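*Asks:* Let me begin by handing over the structure; questions about it come next.
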Amino acid sequence: MRTHADLIRFSLPGLLAGFRNCLPVALGVAVYGILFGLLARQKGLTLVETQSMSLFVFAGASQLIALDLWSTNLSSGLPVLSLILTTLIVNLRHVLMGAALSPWLTRLTSGQAFGSLFFMTDESWALTLGRMIEDKRLAREPDGAFLLGSGLCVYAFWNLSTALGHTLVRGLDDPAKYGLDFAFTAVFTALLVGLKPRRQDILPLIVATATALACARLLPGKWYILAGAVAGGLAAALGPAPVSPSASAPAPGSTPRQP
Amino acid sequence: MSTPDASFLTSALPSLLAIGGMALVTYLTRAAGLAVMSRLTVSGRLERFMKAIPGAILASIVAPSALAAGPAEALATLATALVAWRSSNLPLAMAAGVAVVLALRFALG
């Protein structure tokens, strides 16, 4: 049972702030939404199938990968189980993302938290995390509706663009021609800088980067994100404890290192 | 438009099952992190693991496209990081990264 004092705000201004902050990123998402809609039609998916996927699955990378597996071949049929299993694997990184937001999400009502999580994407997760850390630094009261607002922004742009791609757009240039493929790399780089890594964060970041680079070469799909994240986390957990623990009391068993 | 009959149901059923299943497992991945963490007391090594996760995820997302895609992407990532560090302005950093990668891809062929 949570007491009222533990809960943080969940307001309309917070939701709108999330929506607004996400707009530039959502425009980048829409380019890929049009591409998805277009490819889905070429693969033989109906508009209803395409839009159901965008409305209910709402996960860009796994939707694009699903198109690869989608076969309307009547003799073999649709590979239902491999579609579901592949989607699960591609989206496993969400588990760690949701866990990373849990210090704030546990201070919302269950309905607010688990409702907002339906709309969590890589982009809205990263923006929300940056916002919550900034709030902490500025000693500003966080607003739990930021995650929902930024998620709804991606949701709206993704769904409109996949419908547009399926119905209207007949051809699309390669987004790379306009450097748009790099927009996401730029956004996540800027958000990483915004985390303001400290000395004790350097080793986990190097381990995560090296693992992700190796796994991106060796493994298909999005495994490299999960692998890099877990490796970075393990490097932090198993490496030396930071000199000055930020927690008010050091955890049992963690002896502060001598200078 | 064909008239709705039994064959409509059998032909739509596989895609209905596939999309429904995909939606279910995707939501489970989104909800699982909070569901697990709200039942745990986080301290010691687990706390250090969790604190490193946000940076580790972001570094892992960008690593292949920033460091293994070529010199244009690597330099544009550096430019993005510098603009983000100096300005703390996300749209500006994003625009700078895209502009630099376009210019360098053109310049470096």
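Chain labels A, B, ... are given in the sequence in which chains occur in the structure tokens; within each chain residues are numbered consecutively from 1, and ligands are likewise numbered from 1 in the order shown.
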Go through chain B and flag each residue having an atom no more than 7 Å from chain A; for those, report the closest pair of atoms plus their distance in Å to one decimal, using only C-alpha atoms, ordered by chain and rising number, as a tab-separated table.

*Replies:*
```
residue	atom	partner	partner_atom	distance
B:Pro14	CA	A:Leu78	CA	6.2
B:Leu17	CA	A:Val80	CA	7.0
B:Ala18	CA	A:Val80	CA	4.9
B:Ile19	CA	A:Met53	CA	6.0
B:Gly21	CA	A:Ile84	CA	5.7
B:Met22	CA	A:Ile84	CA	4.9
B:Ala23	CA	A:Val57	CA	4.1
B:Val25	CA	A:Leu88	CA	5.6
B:Thr26	CA	A:Leu88	CA	6.1
B:Tyr27	CA	A:Phe118	CA	6.0
B:Thr29	CA	A:Val95	CA	5.1
B:Arg30	CA	A:His94	CA	5.1
B:Ala31	CA	A:Leu117	CA	6.2
B:Ala32	CA	A:Val95	CA	5.6
B:Gly33	CA	A:Ala99	CA	4.0
B:Leu34	CA	A:Ala99	CA	5.1
B:Met37	CA	A:Ala99	CA	6.0
B:Ser38	CA	A:Thr106	CA	6.4
B:Ser43	CA	A:Ala251	CA	5.9
B:Gly44	CA	A:Ala251	CA	5.1
B:Arg45	CA	A:Ala237	CA	4.6
B:Leu46	CA	A:Ala237	CA	6.5
B:Arg48	CA	A:Ala237	CA	5.1
B:Phe49	CA	A:Gly233	CA	4.3
B:Met50	CA	A:Ala100	CA	6.5
B:Ala52	CA	A:Gly233	CA	5.2
B:Ile53	CA	A:Gly233	CA	5.5
B:Pro54	CA	A:Ala100	CA	6.4
B:Gly55	CA	A:Leu192	CA	6.2
B:Ala56	CA	A:Ala229	CA	4.7
B:Ile57	CA	A:Ala229	CA	4.8
B:Leu58	CA	A:Leu192	CA	6.0
B:Ala59	CA	A:Thr209	CA	5.6
B:Ser60	CA	A:Ile225	CA	5.0
B:Ile61	CA	A:Ile225	CA	5.6
B:Val62	CA	A:Thr185	CA	5.4
B:Ala63	CA	A:Thr209	CA	5.6
B:Pro64	CA	A:Leu213	CA	5.4
B:Ser65	CA	A:Thr185	CA	6.6
B:Ala66	CA	A:Thr185	CA	6.8
B:Thr77	CA	A:Ala186	CA	6.4
B:Thr80	CA	A:Ala186	CA	6.0
B:Ala81	CA	A:Ala190	CA	5.7
B:Ala84	CA	A:Ala190	CA	5.2
B:Trp85	CA	A:Val193	CA	6.2
B:Ser88	CA	A:Gly194	CA	7.0
B:Leu90	CA	A:Ala190	CA	6.4
B:Pro91	CA	A:Pro24	CA	6.3
B:Ala93	CA	A:Ala190	CA	6.5
B:Met94	CA	A:Ala186	CA	5.1
B:Gly97	CA	A:Ala186	CA	5.5
B:Val98	CA	A:Gly179	CA	5.4
B:Val101	CA	A:Gly179	CA	6.3
B:Leu102	CA	A:Gly179	CA	5.3
```

*Asks:* What is the distance between atom CA of Arg39 of chain B and atom CA of Leu148 of chain A, in Å to one decimal?

*Replies:*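 These atoms are spaced 22.7 Å apart.
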
*Asks:* Calculate how many Å separate atom CA of Leu108 of chain B from atom CA of Pro71 of chain B, rounding to one decimal.

*Replies:*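 Computing the Euclidean distance for atom CA of Leu108 of chain B and atom CA of Pro71 of chain B yields 8.5 Å.
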
*Asks:* What's the separation between atom CA of Leu164 of chain A and atom CA of Ile34 of chain A, in Å to one decimal place?

*Replies:*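 These atoms are spaced 6.2 Å apart.
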
*Asks:* Run DSSP on the backbone and give me the residues of chain B it puts in helix (DSSP H, G or I), as an MDAnalysis selection string.

*Replies:* chainID B and resid 6:37 44:67 71:87 90:107

*Asks:* Please identify all polymer residues within 9 Å of Thr162 of chain A, counting only C-alpha atoms, omitting same-chain residues fewer than 5 positions from it, and present them as a PyMOL selection string.

*Replies:* chain A and resi 30+32-38+40+50-51+54+157+167
